[in-house]
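The structure file query.txt is reproduced below (compact mmCIF, C-alpha atoms).
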# COMPACT_ATOMS: atom_id res chain seq x y z
CA MET A 105 -50.83 -8.35 -9.33
CA LYS A 106 -49.32 -6.36 -6.46
CA ILE A 107 -49.03 -8.08 -3.10
CA LYS A 108 -49.89 -5.83 -0.16
CA LYS A 109 -48.90 -6.18 3.49
CA THR A 110 -50.15 -4.72 6.77
CA ILE A 111 -49.10 -5.57 10.32
CA LEU A 112 -52.08 -4.96 12.60
CA LYS A 113 -51.94 -3.70 16.19
CA SER A 114 -52.55 -7.25 17.39
CA GLY A 115 -49.27 -8.25 15.72
CA ILE A 116 -50.71 -10.39 12.93
CA THR A 117 -49.28 -9.91 9.43
CA VAL A 118 -51.89 -9.59 6.67
CA LEU A 119 -50.88 -10.34 3.08
CA THR A 120 -53.22 -9.98 0.12
CA GLU A 121 -53.00 -10.35 -3.63
CA LYS A 122 -55.86 -9.37 -5.86
CA PHE A 123 -56.62 -12.19 -8.29
CA THR A 124 -59.67 -11.57 -10.45
CA GLN A 125 -59.49 -14.41 -12.96
CA ILE A 126 -61.83 -16.70 -11.02
CA PRO A 127 -64.70 -15.90 -8.60
CA SER A 128 -63.10 -17.67 -5.65
CA PHE A 129 -60.50 -16.99 -2.98
CA ALA A 130 -57.88 -18.76 -0.88
CA LEU A 131 -57.49 -17.75 2.75
CA SER A 132 -54.96 -19.07 5.25
CA TYR A 133 -53.49 -18.67 8.70
CA THR A 134 -49.87 -19.79 8.94
CA LEU A 135 -48.17 -20.41 12.26
CA LYS A 136 -44.43 -19.71 12.13
CA SER A 137 -43.65 -22.90 14.03
CA GLY A 138 -43.54 -26.61 13.20
CA SER A 139 -42.07 -29.91 14.30
CA ARG A 140 -38.56 -28.47 14.15
CA ASN A 141 -39.42 -26.42 17.25
CA GLU A 142 -40.06 -29.55 19.29
CA ILE A 143 -37.90 -31.70 21.56
CA ILE A 144 -38.06 -35.47 21.99
CA ASN A 145 -40.62 -35.29 24.81
CA THR A 146 -42.95 -33.04 22.80
CA SER A 147 -42.42 -34.68 19.40
CA GLY A 148 -45.67 -34.56 17.44
CA ILE A 149 -47.30 -31.77 19.46
CA HIS A 150 -47.67 -29.37 16.50
CA HIS A 151 -49.32 -32.09 14.43
CA LEU A 152 -51.64 -33.01 17.29
CA MET A 153 -52.59 -29.34 17.77
CA GLU A 154 -53.36 -29.12 14.05
CA HIS A 155 -55.76 -32.05 14.38
CA MET A 156 -57.39 -30.70 17.53
CA LEU A 157 -58.20 -27.33 15.97
CA PHE A 158 -60.83 -29.09 13.84
CA LYS A 159 -62.45 -30.73 16.87
CA GLY A 160 -64.71 -27.96 18.07
CA THR A 161 -64.57 -24.30 19.08
CA LYS A 162 -66.48 -22.11 21.49
CA LYS A 163 -68.84 -21.27 18.62
CA TYR A 164 -68.82 -24.37 16.41
CA SER A 165 -69.09 -28.07 17.24
CA VAL A 166 -67.14 -30.75 15.36
CA LYS A 167 -70.25 -31.43 13.28
CA ASP A 168 -70.76 -27.70 12.63
CA ILE A 169 -67.22 -27.39 11.27
CA ALA A 170 -67.74 -30.36 8.95
CA TYR A 171 -71.16 -29.09 7.82
CA ILE A 172 -70.01 -25.52 7.11
CA SER A 173 -66.88 -26.78 5.38
CA ASP A 174 -68.98 -28.88 3.02
CA ARG A 175 -71.32 -25.95 2.39
CA LEU A 176 -68.30 -23.85 1.48
CA GLY A 177 -67.08 -26.46 -0.98
CA GLY A 178 -65.18 -28.85 1.24
CA ARG A 179 -61.82 -27.14 0.75
CA LEU A 180 -60.94 -26.62 4.41
CA ASN A 181 -57.64 -28.27 5.30
CA ALA A 182 -54.32 -27.97 7.14
CA PHE A 183 -50.83 -29.40 7.29
CA THR A 184 -47.85 -29.43 9.60
CA SER A 185 -44.30 -29.25 8.27
CA LYS A 186 -40.95 -28.97 9.99
CA GLU A 187 -41.06 -25.15 9.99
CA ILE A 188 -44.72 -24.09 9.76
CA THR A 189 -48.30 -25.14 10.46
CA GLN A 190 -50.86 -23.88 7.93
CA PHE A 191 -54.67 -23.84 7.89
CA TYR A 192 -56.43 -22.82 4.72
CA ILE A 193 -59.78 -22.63 3.02
CA LYS A 194 -60.85 -22.12 -0.59
CA ALA A 195 -64.37 -20.95 -1.35
CA ILE A 196 -66.42 -18.80 -3.71
CA ASP A 197 -66.40 -15.03 -3.23
CA GLU A 198 -69.87 -14.74 -1.69
CA LYS A 199 -68.78 -16.96 1.24
CA LEU A 200 -65.85 -14.84 2.35
CA ASP A 201 -67.38 -13.61 5.62
CA GLN A 202 -68.51 -17.09 6.61
CA ALA A 203 -65.15 -18.61 5.68
CA PHE A 204 -63.30 -15.90 7.62
CA ASP A 205 -65.45 -16.53 10.68
CA LEU A 206 -65.01 -20.31 10.56
CA LEU A 207 -61.25 -20.27 10.03
CA THR A 208 -60.65 -17.59 12.67
CA ASN A 209 -62.68 -19.52 15.24
CA ILE A 210 -60.73 -22.67 14.47
CA ILE A 211 -57.40 -20.90 14.93
CA PHE A 212 -58.14 -18.87 18.06
CA SER A 213 -61.09 -20.47 19.89
CA SER A 214 -60.62 -24.23 19.85
CA ASN A 215 -61.91 -26.08 22.92
CA PHE A 216 -59.65 -29.13 23.15
CA GLU A 217 -62.45 -31.19 24.68
CA LYS A 218 -60.99 -34.12 26.65
CA SER A 219 -63.12 -36.71 24.86
CA GLU A 220 -62.09 -35.37 21.44
CA PHE A 221 -58.46 -35.19 22.53
CA LYS A 222 -58.43 -38.83 23.53
CA LYS A 223 -59.99 -39.90 20.23
CA GLU A 224 -57.60 -37.79 18.17
CA VAL A 225 -54.56 -39.22 19.91
CA GLU A 226 -55.73 -42.67 18.83
CA VAL A 227 -56.24 -41.44 15.26
CA ILE A 228 -52.70 -40.08 15.14
CA LEU A 229 -51.25 -43.26 16.63
CA GLN A 230 -52.89 -45.17 13.78
CA GLU A 231 -51.48 -42.61 11.32
CA ILE A 232 -48.00 -43.21 12.75
CA ARG A 233 -48.41 -46.98 12.45
CA GLU A 234 -49.56 -46.62 8.84
CA GLY A 235 -46.46 -44.52 8.14
CA ASP A 236 -44.27 -47.18 9.70
CA ASP A 237 -45.81 -49.71 7.30
CA ASN A 238 -44.99 -47.49 4.31
CA PRO A 239 -41.31 -48.05 3.41
CA ASP A 240 -41.02 -44.79 1.43
CA SER A 241 -42.10 -42.55 4.30
CA LYS A 242 -40.32 -44.73 6.85
CA ALA A 243 -37.02 -44.45 4.94
CA PHE A 244 -37.13 -40.65 4.97
CA GLU A 245 -38.12 -40.57 8.62
CA LEU A 246 -35.18 -42.82 9.47
CA PHE A 247 -32.81 -40.74 7.36
CA TYR A 248 -33.63 -37.46 9.11
CA GLU A 249 -33.60 -39.14 12.52
CA LYS A 250 -30.12 -40.57 11.96
CA LEU A 251 -28.74 -37.51 10.18
CA PHE A 252 -29.89 -35.05 12.87
CA PRO A 253 -30.17 -37.08 16.10
CA GLU A 254 -29.69 -34.07 18.42
CA ASN A 255 -31.92 -31.59 16.58
CA GLY A 256 -35.65 -31.02 16.12
CA VAL A 257 -35.24 -31.40 12.34
CA GLY A 258 -34.58 -35.08 12.98
CA LEU A 259 -37.88 -35.63 14.77
CA PRO A 260 -40.84 -37.09 12.83
CA ILE A 261 -43.58 -34.55 12.13
CA ALA A 262 -46.30 -36.82 13.49
CA GLY A 263 -44.20 -37.81 16.51
CA THR A 264 -43.63 -41.33 17.75
CA ILE A 265 -45.94 -43.81 19.44
CA GLN A 266 -44.15 -43.10 22.72
CA SER A 267 -44.12 -39.28 22.49
CA VAL A 268 -47.73 -38.85 21.31
CA SER A 269 -49.06 -41.35 23.86
CA ALA A 270 -47.40 -39.34 26.61
CA LEU A 271 -48.80 -35.94 25.57
CA SER A 272 -51.49 -34.71 27.96
CA ARG A 273 -54.47 -32.62 26.99
CA ASP A 274 -53.40 -29.84 29.38
CA LEU A 275 -49.86 -29.66 27.99
CA VAL A 276 -51.08 -29.54 24.39
CA HIS A 277 -53.73 -26.93 25.16
CA ASP A 278 -51.25 -24.79 27.09
CA THR A 279 -48.82 -24.96 24.16
CA TYR A 280 -51.64 -23.99 21.80
CA THR A 281 -52.60 -20.91 23.81
CA LYS A 282 -48.96 -19.79 23.90
CA LEU A 283 -48.14 -20.38 20.23
CA TYR A 284 -51.36 -19.35 18.48
CA SER A 285 -51.11 -15.63 19.14
CA PRO A 286 -51.29 -13.00 16.37
CA GLU A 287 -47.60 -12.05 16.32
CA ASN A 288 -46.79 -15.68 15.47
CA LEU A 289 -49.23 -15.83 12.56
CA ILE A 290 -49.50 -14.69 8.95
CA LEU A 291 -52.92 -14.26 7.36
CA SER A 292 -52.78 -14.57 3.58
CA TYR A 293 -55.60 -13.92 1.11
CA VAL A 294 -55.70 -14.25 -2.67
CA GLY A 295 -58.93 -13.27 -4.39
CA ASN A 296 -61.13 -10.46 -5.71
CA VAL A 297 -61.40 -8.30 -2.57
CA GLU A 298 -59.21 -5.25 -1.97
CA HIS A 299 -56.49 -5.29 0.69
CA SER A 300 -58.24 -2.68 2.85
CA ARG A 301 -61.35 -4.85 3.02
CA ILE A 302 -59.37 -7.91 4.15
CA VAL A 303 -57.69 -5.81 6.83
CA GLU A 304 -61.18 -4.77 8.02
CA PHE A 305 -62.33 -8.41 8.02
CA THR A 306 -59.28 -9.42 10.05
CA GLU A 307 -59.72 -6.67 12.61
CA LYS A 308 -63.42 -7.47 12.88
CA HIS A 309 -62.97 -11.18 13.48
CA LEU A 310 -60.05 -10.74 15.90
CA SER A 311 -61.56 -7.87 17.87
CA ASN A 312 -63.31 -9.98 20.51
CA ILE A 313 -60.50 -12.45 21.13
CA ASN A 314 -58.14 -12.24 24.10
CA PHE A 315 -54.59 -13.18 23.16
CA ASN A 316 -51.49 -14.24 24.99
CA LYS A 317 -48.26 -12.57 23.92
CA ASN A 318 -45.63 -15.22 23.36
CA SER A 319 -42.93 -15.21 20.73
CA ILE A 320 -41.54 -18.38 19.16
CA HIS A 321 -38.06 -19.38 20.28
CA ASP A 322 -35.24 -19.51 17.76
CA VAL A 323 -34.30 -22.88 16.31
CA VAL A 324 -30.79 -24.35 16.36
CA LYS A 325 -29.06 -25.07 13.06
CA PRO A 326 -28.22 -28.79 12.89
CA SER A 327 -24.83 -30.25 12.08
CA PHE A 328 -24.52 -32.57 9.09
CA ASN A 329 -23.79 -36.11 10.32
CA LYS A 330 -21.63 -37.77 7.63
CA ASN A 331 -22.15 -41.54 7.81
CA ILE A 332 -23.45 -44.73 6.20
CA PHE A 333 -26.66 -45.76 7.94
CA VAL A 334 -27.88 -49.32 7.46
CA GLN A 335 -31.38 -50.11 8.72
CA ARG A 336 -32.35 -53.73 8.21
CA ASN A 337 -35.93 -54.87 7.59
CA LYS A 338 -36.32 -58.48 6.52
CA ASN A 339 -39.92 -57.89 5.41
CA LEU A 340 -38.85 -55.69 2.48
CA LYS A 341 -37.89 -57.06 -0.92
CA GLN A 342 -36.39 -53.82 -2.24
CA ILE A 343 -33.69 -51.55 -0.86
CA TYR A 344 -34.65 -47.93 -0.19
CA SER A 345 -31.62 -45.70 -0.66
CA ILE A 346 -31.28 -42.05 0.34
CA ILE A 347 -28.05 -40.22 -0.42
CA GLY A 348 -27.73 -36.82 1.23
CA LEU A 349 -25.28 -33.96 0.83
CA PRO A 350 -25.35 -30.51 2.42
CA GLY A 351 -27.56 -28.29 0.28
CA ILE A 352 -28.78 -24.70 0.38
CA SER A 353 -31.11 -22.73 2.60
CA VAL A 354 -34.27 -21.12 1.23
CA VAL A 355 -32.58 -17.71 1.28
CA ASN A 356 -29.23 -18.73 -0.21
CA PRO A 357 -28.38 -16.43 -3.15
CA ASP A 358 -27.27 -19.50 -5.14
CA ARG A 359 -30.69 -21.15 -4.87
CA TYR A 360 -31.66 -20.88 -8.56
CA LYS A 361 -28.25 -22.08 -9.67
CA PHE A 362 -28.66 -25.00 -7.30
CA MET A 363 -32.18 -25.74 -8.53
CA ILE A 364 -31.01 -25.88 -12.13
CA MET A 365 -28.02 -28.04 -11.21
CA ASN A 366 -30.31 -30.46 -9.39
CA ASP A 367 -32.80 -30.47 -12.26
CA ILE A 368 -30.09 -31.53 -14.70
CA LEU A 369 -28.71 -34.13 -12.31
CA GLY A 370 -31.85 -35.96 -11.28
CA ALA A 371 -35.13 -34.04 -11.17
CA GLY A 372 -36.90 -35.48 -14.21
CA MET A 373 -37.12 -38.23 -16.80
CA SER A 374 -34.50 -36.56 -19.00
CA SER A 375 -32.08 -36.02 -16.11
CA ARG A 376 -28.68 -37.65 -16.04
CA LEU A 377 -29.43 -39.96 -13.13
CA PHE A 378 -32.71 -41.17 -14.62
CA GLN A 379 -31.24 -41.76 -18.05
CA ASN A 380 -28.09 -43.49 -16.83
CA ILE A 381 -29.30 -45.44 -13.81
CA ARG A 382 -32.73 -46.46 -15.02
CA GLU A 383 -32.79 -46.27 -18.81
CA GLN A 384 -29.25 -47.36 -19.67
CA ARG A 385 -28.18 -49.57 -16.77
CA GLY A 386 -31.50 -50.76 -15.33
CA LEU A 387 -30.20 -50.39 -11.78
CA ALA A 388 -33.43 -48.93 -10.36
CA TYR A 389 -37.01 -48.28 -11.36
CA THR A 390 -37.32 -45.25 -9.04
CA ILE A 391 -34.56 -42.63 -9.09
CA SER A 392 -34.78 -38.89 -8.47
CA SER A 393 -33.03 -36.01 -6.74
CA PHE A 394 -34.42 -32.94 -5.03
CA VAL A 395 -33.54 -30.08 -2.71
CA ASP A 396 -35.00 -29.89 0.80
CA SER A 397 -34.40 -26.32 1.96
CA PHE A 398 -34.97 -24.78 5.38
CA GLN A 399 -34.53 -21.25 6.73
CA ASP A 400 -30.87 -21.75 7.70
CA PHE A 401 -29.62 -24.87 5.89
CA GLY A 402 -30.58 -27.40 3.25
CA LEU A 403 -30.13 -30.94 2.00
CA HIS A 404 -29.50 -32.28 -1.48
CA ILE A 405 -31.12 -35.69 -1.66
CA ILE A 406 -30.87 -38.54 -4.18
CA TYR A 407 -33.56 -41.17 -3.66
CA SER A 408 -33.88 -44.58 -5.21
CA ILE A 409 -35.49 -48.00 -4.81
CA LEU A 410 -33.34 -50.86 -6.07
CA GLU A 411 -32.56 -54.57 -5.88
CA PRO A 412 -30.30 -55.72 -3.01
CA GLY A 413 -27.64 -57.05 -5.37
CA LYS A 414 -27.25 -53.74 -7.20
CA ILE A 415 -26.34 -51.46 -4.30
CA ASP A 416 -22.59 -51.23 -4.89
CA GLU A 417 -22.95 -50.58 -8.61
CA TYR A 418 -25.69 -48.02 -7.94
CA LEU A 419 -23.63 -46.07 -5.40
CA LYS A 420 -20.63 -46.09 -7.71
CA THR A 421 -22.72 -44.84 -10.63
CA VAL A 422 -24.22 -41.98 -8.59
CA LYS A 423 -20.78 -40.96 -7.40
CA ASN A 424 -19.46 -41.00 -10.99
CA GLU A 425 -22.35 -38.83 -12.19
CA ILE A 426 -21.58 -36.25 -9.52
CA GLU A 427 -17.88 -36.30 -10.44
CA VAL A 428 -18.70 -35.79 -14.12
CA LEU A 429 -21.00 -32.90 -13.24
CA LYS A 430 -18.22 -31.26 -11.23
CA THR A 431 -15.43 -31.79 -13.76
CA GLU A 432 -17.20 -31.48 -17.11
CA GLY A 433 -20.16 -29.27 -16.23
CA VAL A 434 -23.30 -29.17 -18.35
CA THR A 435 -24.17 -28.43 -21.96
CA SER A 436 -26.03 -25.37 -23.22
CA GLU A 437 -28.88 -27.64 -24.30
CA GLU A 438 -29.18 -29.09 -20.78
CA LEU A 439 -29.08 -25.63 -19.26
CA ASP A 440 -31.79 -24.24 -21.57
CA LYS A 441 -34.02 -27.27 -21.06
CA SER A 442 -33.71 -27.02 -17.29
CA LYS A 443 -34.47 -23.30 -17.28
CA ASP A 444 -37.59 -23.93 -19.35
CA HIS A 445 -38.64 -26.71 -16.99
CA ILE A 446 -38.22 -24.59 -13.85
CA LYS A 447 -39.87 -21.48 -15.30
CA SER A 448 -42.80 -23.47 -16.68
CA SER A 449 -43.32 -25.29 -13.40
CA LEU A 450 -43.31 -22.03 -11.48
CA ILE A 451 -45.67 -20.17 -13.81
CA LEU A 452 -48.12 -23.06 -14.21
CA SER A 453 -48.22 -23.63 -10.46
CA LEU A 454 -49.51 -20.09 -9.98
CA GLU A 455 -52.64 -20.58 -12.04
CA ASN A 456 -54.65 -21.21 -8.86
CA ASN A 457 -55.11 -19.02 -5.81
CA ILE A 458 -53.95 -21.60 -3.23
CA SER A 459 -50.51 -21.81 -4.86
CA LYS A 460 -50.30 -18.03 -5.02
CA MET A 461 -51.26 -17.77 -1.38
CA ARG A 462 -48.53 -20.24 -0.37
CA LEU A 463 -45.86 -18.51 -2.43
CA ASN A 464 -46.75 -15.18 -0.80
CA VAL A 465 -46.56 -16.71 2.68
CA ASN A 466 -43.20 -18.33 1.98
CA GLN A 467 -41.70 -15.11 0.65
CA GLU A 468 -42.87 -13.23 3.74
CA LEU A 469 -41.59 -15.96 6.06
CA TYR A 470 -38.14 -16.23 4.59
CA PHE A 471 -37.45 -12.93 2.82
CA LYS A 472 -39.75 -10.45 4.55
CA LYS A 473 -40.57 -9.08 1.12
CA GLN A 474 -42.37 -10.13 -2.04
CA LYS A 475 -40.55 -10.84 -5.29
CA LYS A 476 -42.44 -10.51 -8.52
CA ILE A 477 -42.57 -13.55 -10.77
CA ASN A 478 -40.70 -11.75 -13.53
CA GLU A 479 -37.87 -11.03 -11.06
CA ILE A 480 -37.61 -14.74 -10.27
CA ILE A 481 -37.68 -15.59 -13.98
CA ASP A 482 -34.89 -13.07 -14.60
CA GLU A 483 -32.76 -14.72 -11.91
CA VAL A 484 -33.29 -18.12 -13.54
CA ASN A 485 -32.45 -16.75 -16.97
CA ARG A 486 -29.18 -15.22 -15.72
CA VAL A 487 -27.73 -18.60 -14.66
CA THR A 488 -24.81 -19.63 -16.88
CA ILE A 489 -23.02 -22.88 -17.69
CA ASN A 490 -20.10 -21.73 -15.57
CA ASP A 491 -22.47 -21.00 -12.66
CA ILE A 492 -23.64 -24.62 -12.67
CA LYS A 493 -20.09 -26.00 -12.63
CA GLU A 494 -19.07 -23.63 -9.83
CA THR A 495 -22.18 -24.53 -7.82
CA ALA A 496 -21.53 -28.25 -8.20
CA ASN A 497 -17.95 -27.86 -6.99
CA LYS A 498 -18.99 -25.54 -4.18
CA PHE A 499 -21.69 -27.75 -2.71
CA MET A 500 -21.26 -31.35 -3.85
CA ASP A 501 -18.41 -32.53 -1.64
CA LEU A 502 -18.07 -36.28 -2.16
CA ASN A 503 -16.18 -36.53 1.12
CA ASN A 504 -19.19 -35.22 3.01
CA VAL A 505 -22.01 -37.59 2.11
CA SER A 506 -24.52 -39.52 4.21
CA VAL A 507 -26.30 -42.62 2.92
CA LEU A 508 -29.25 -44.56 4.31
CA LEU A 509 -29.87 -48.09 3.09
CA TYR A 510 -33.17 -49.56 4.30
CA GLY A 511 -34.31 -53.09 3.58
CA ASP A 512 -33.33 -56.76 3.81
CA LEU A 513 -29.56 -56.23 3.93
CA PRO A 514 -26.91 -58.82 4.85
CA GLU A 515 -25.73 -58.68 8.46
CA THR A 516 -22.06 -59.06 7.53
CA LYS A 517 -21.63 -56.71 4.57
CA ASP A 518 -20.30 -53.19 4.91
CA TYR A 519 -21.22 -50.42 2.47
CA SER A 520 -19.37 -47.32 1.33
CA PHE A 521 -20.14 -44.43 -0.97
CA ASN A 522 -16.53 -44.53 -2.14
CA VAL A 523 -16.91 -47.83 -4.00

Can you turn what I pasted into structure tokens?
Amino acid sequence: MKIKKTILKSGITVLTEKFTQIPSFALSYTLKSGSRNEIINTSGIHHLMEHMLFKGTKKYSVKDIAYISDRLGGRLNAFTSKEITQFYIKAIDEKLDQAFDLLTNIIFSSNFEKSEFKKEVEVILQEIREGDDNPDSKAFELFYEKLFPENGVGLPIAGTIQSVSALSRDLVHDTYTKLYSPENLILSYVGNVEHSRIVEFTEKHLSNINFNKNSIHDVVKPSFNKNIFVQRNKNLKQIYSIIGLPGISVVNPDRYKFMIMNDILGAGMSSRLFQNIREQRGLAYTISSFVDSFQDFGLHIIYSILEPGKIDEYLKTVKNEIEVLKTEGVTSEELDKSKDHIKSSLILSLENNISKMRLNVNQELYFKKQKKINEIIDEVNRVTINDIKETANKFMDLNNVSVLLYGDLPETKDYSFNV
């Protein structure tokens, strides 16, 4: 289906895709700002704003929002990431007007009542403590913090106990009124209604709202901090290992080559890392690799959980697998399997309207245009064996690697990726 776009006089971008297979729709507002736009003193402010937007508006109380959400099917939700904050709702077609009204009020007319603010700060502090007790999430938080200590990318999305405790209601509300203006937002709809009708809905629901005009400041690209980071925690029995190399941005023209290379290296049960490290050597139960891409840079991450006595052998094995990938490349069978995996994952993910809505938002955010699925499939199909080898040698520099080891590690032992 064709994706249509209109930028309204208010500045908001409206994206729609007609999807008639099911009698429901997905609707979202996406703020083009996330935790990456913060500094140490405001760390967690986007996440706290996200929470507060569900805590009452000029029209709807907290209970009203919960009641209407349940009536609409209970699919009202939101998330904060490092680059965006997104609010979305999924409902049946006959509830479009009501859903539009509820979501628009949440985005533009939240009250930030002092009593609700105080309660929500406590909720988030508990959320942070729970994250600190989870070694998986704590390991990744530590890795980004140590890798990018001078950049917003290194800050935790939820903030810290210190930063969130220090945020005042007035500061958070003032930031909300500055950021949540139409020119900083994308409205995306996937469902049965025509584009022109969604434009009318948007204009109708935004017509009585007074907006501030404030653009979002540009972010600074972080530098890659090559190092071995050892974070000791005597309460853990396993070692959580994160190996990071510079990766690719979302808009890098090599992104599909990189995705296929990563898929062959460590993205599934048939990948080289999984088969060698887990199945053949038994060095780790959990082992995977993935690409974390941002608008201007990216990371290639290899993640594992292993026994303390197997660290050196594990690091050596990972290094060897990367060297083999760079020198020997991949087989035609591996390439074909990976292409099938990536194409299938993409196509199957678009069988629901929420996934379609998110893909459309991401393409607008990063490319300012919409690519058809068959164009993406064609790009995947064009990747060759030689492309994979060239990509591995271009990006996987074994002299530019950062490693985090998190767990009950000896005080006296030093670690190196060049073992």

For Gly177 of chain A: contacts at 10 Å, only C-alpha atoms, fewer than 5 positions along chain excluded, given as JSON, numbers by chain:
{"A": [172, 193, 194, 195, 196, 199]}

Quick one: which segment 323-368 of chain A residues come within 6 Å of segment 496-508 of chain A, and what is the nearest atom pair for each with the distance in Å to one decimal, counting only C-alpha atoms, rows ordered by chain and ascending number, as JSON lines?
{"residue": "A:Lys330", "atom": "CA", "partner": "A:Ser506", "partner_atom": "CA", "distance": 4.8}
{"residue": "A:Asn331", "atom": "CA", "partner": "A:Ser506", "partner_atom": "CA", "distance": 4.8}
{"residue": "A:Ile332", "atom": "CA", "partner": "A:Val507", "partner_atom": "CA", "distance": 4.8}
{"residue": "A:Phe333", "atom": "CA", "partner": "A:Leu508", "partner_atom": "CA", "distance": 4.6}
{"residue": "A:Val334", "atom": "CA", "partner": "A:Leu508", "partner_atom": "CA", "distance": 5.9}
{"residue": "A:Ser345", "atom": "CA", "partner": "A:Leu508", "partner_atom": "CA", "distance": 5.6}
{"residue": "A:Ile346", "atom": "CA", "partner": "A:Leu508", "partner_atom": "CA", "distance": 5.1}
{"residue": "A:Ile347", "atom": "CA", "partner": "A:Val507", "partner_atom": "CA", "distance": 4.5}
{"residue": "A:Gly348", "atom": "CA", "partner": "A:Ser506", "partner_atom": "CA", "distance": 5.1}
{"residue": "A:Leu349", "atom": "CA", "partner": "A:Val505", "partner_atom": "CA", "distance": 5.1}

I'd like the interatomic distance between atom CA of Ile481 of chain A and atom CA of Asn366 of chain A, to a tenth of an Å.
17.2 Å

Could you give me the axis-aligned bounding box of segment 500-509 of chain A, with 5 Å of padding per side, as centre plus edge lengths in Å to one decimal, as lines of an AutoDock Vina configuration file?
center_x = -23.0
center_y = -39.7
center_z = 0.2
size_x = 23.7
size_y = 26.7
size_z = 18.2

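Put simply, atom CA of Glu187 of chain A is 5.9 Å away from atom CA of Arg140 of chain A.
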
Residue neighbourhood Gln342 of chain A, 8 Å, all atoms listed in the file, exclusion window fewer than 3 positions, as a VMD selection string:
chain A and resid 409 to 412 511 to 512

For Gly235 of chain A, the nearest of the candidates A:Thr264, A:Thr184, A:Glu249, A:Gly256, counting all atoms listed in the file
A:Thr264

12 Å contact set for Leu469 of chain A, only C-alpha atoms, chain neighbours under 4 positions out, as a PyMOL selection string:
chain A and resi 117+119+134-137+187-188+288-292+354-355+398-399+462-465+473-474

Name the residues in contact with segment 449-458 of chain A at a cut-off of 12 Å, using all atoms listed in the file, excluding same-chain residues fewer than 6 positions from it; report them as number ranges by chain.
A: 105, 120-132, 179-181, 190-196, 292-296, 367, 442-443, 464-465, 476-478, 480-481, 484

Find the residue from A:Tyr284, A:Glu226, A:Pro357, A:Glu142 that sits nearest to Gly258 of chain A; use only C-alpha atoms when measuring.
A:Glu142

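Applying the 8 Å criterion to (-54.2, -33.9, 14.7) in file coordinates and using all atoms listed in the file, one obtains the residues His151, Leu152, Met153, Glu154, His155, Met156, Leu157, Glu224, Val225, Val227 and Ile228 of chain A.
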
Neighbour list for Leu251 of chain A as a ChimeraX atom specification, cut-off 6 Å, all atoms listed in the file, skip fewer than 3 positions in-chain:
/A:247-248,329

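Among the candidates A:Asp278, A:Glu425, A:Glu307, A:Glu494, the residue lying nearest to Gln379 of chain A is A:Glu425 (atoms considered: all atoms listed in the file).
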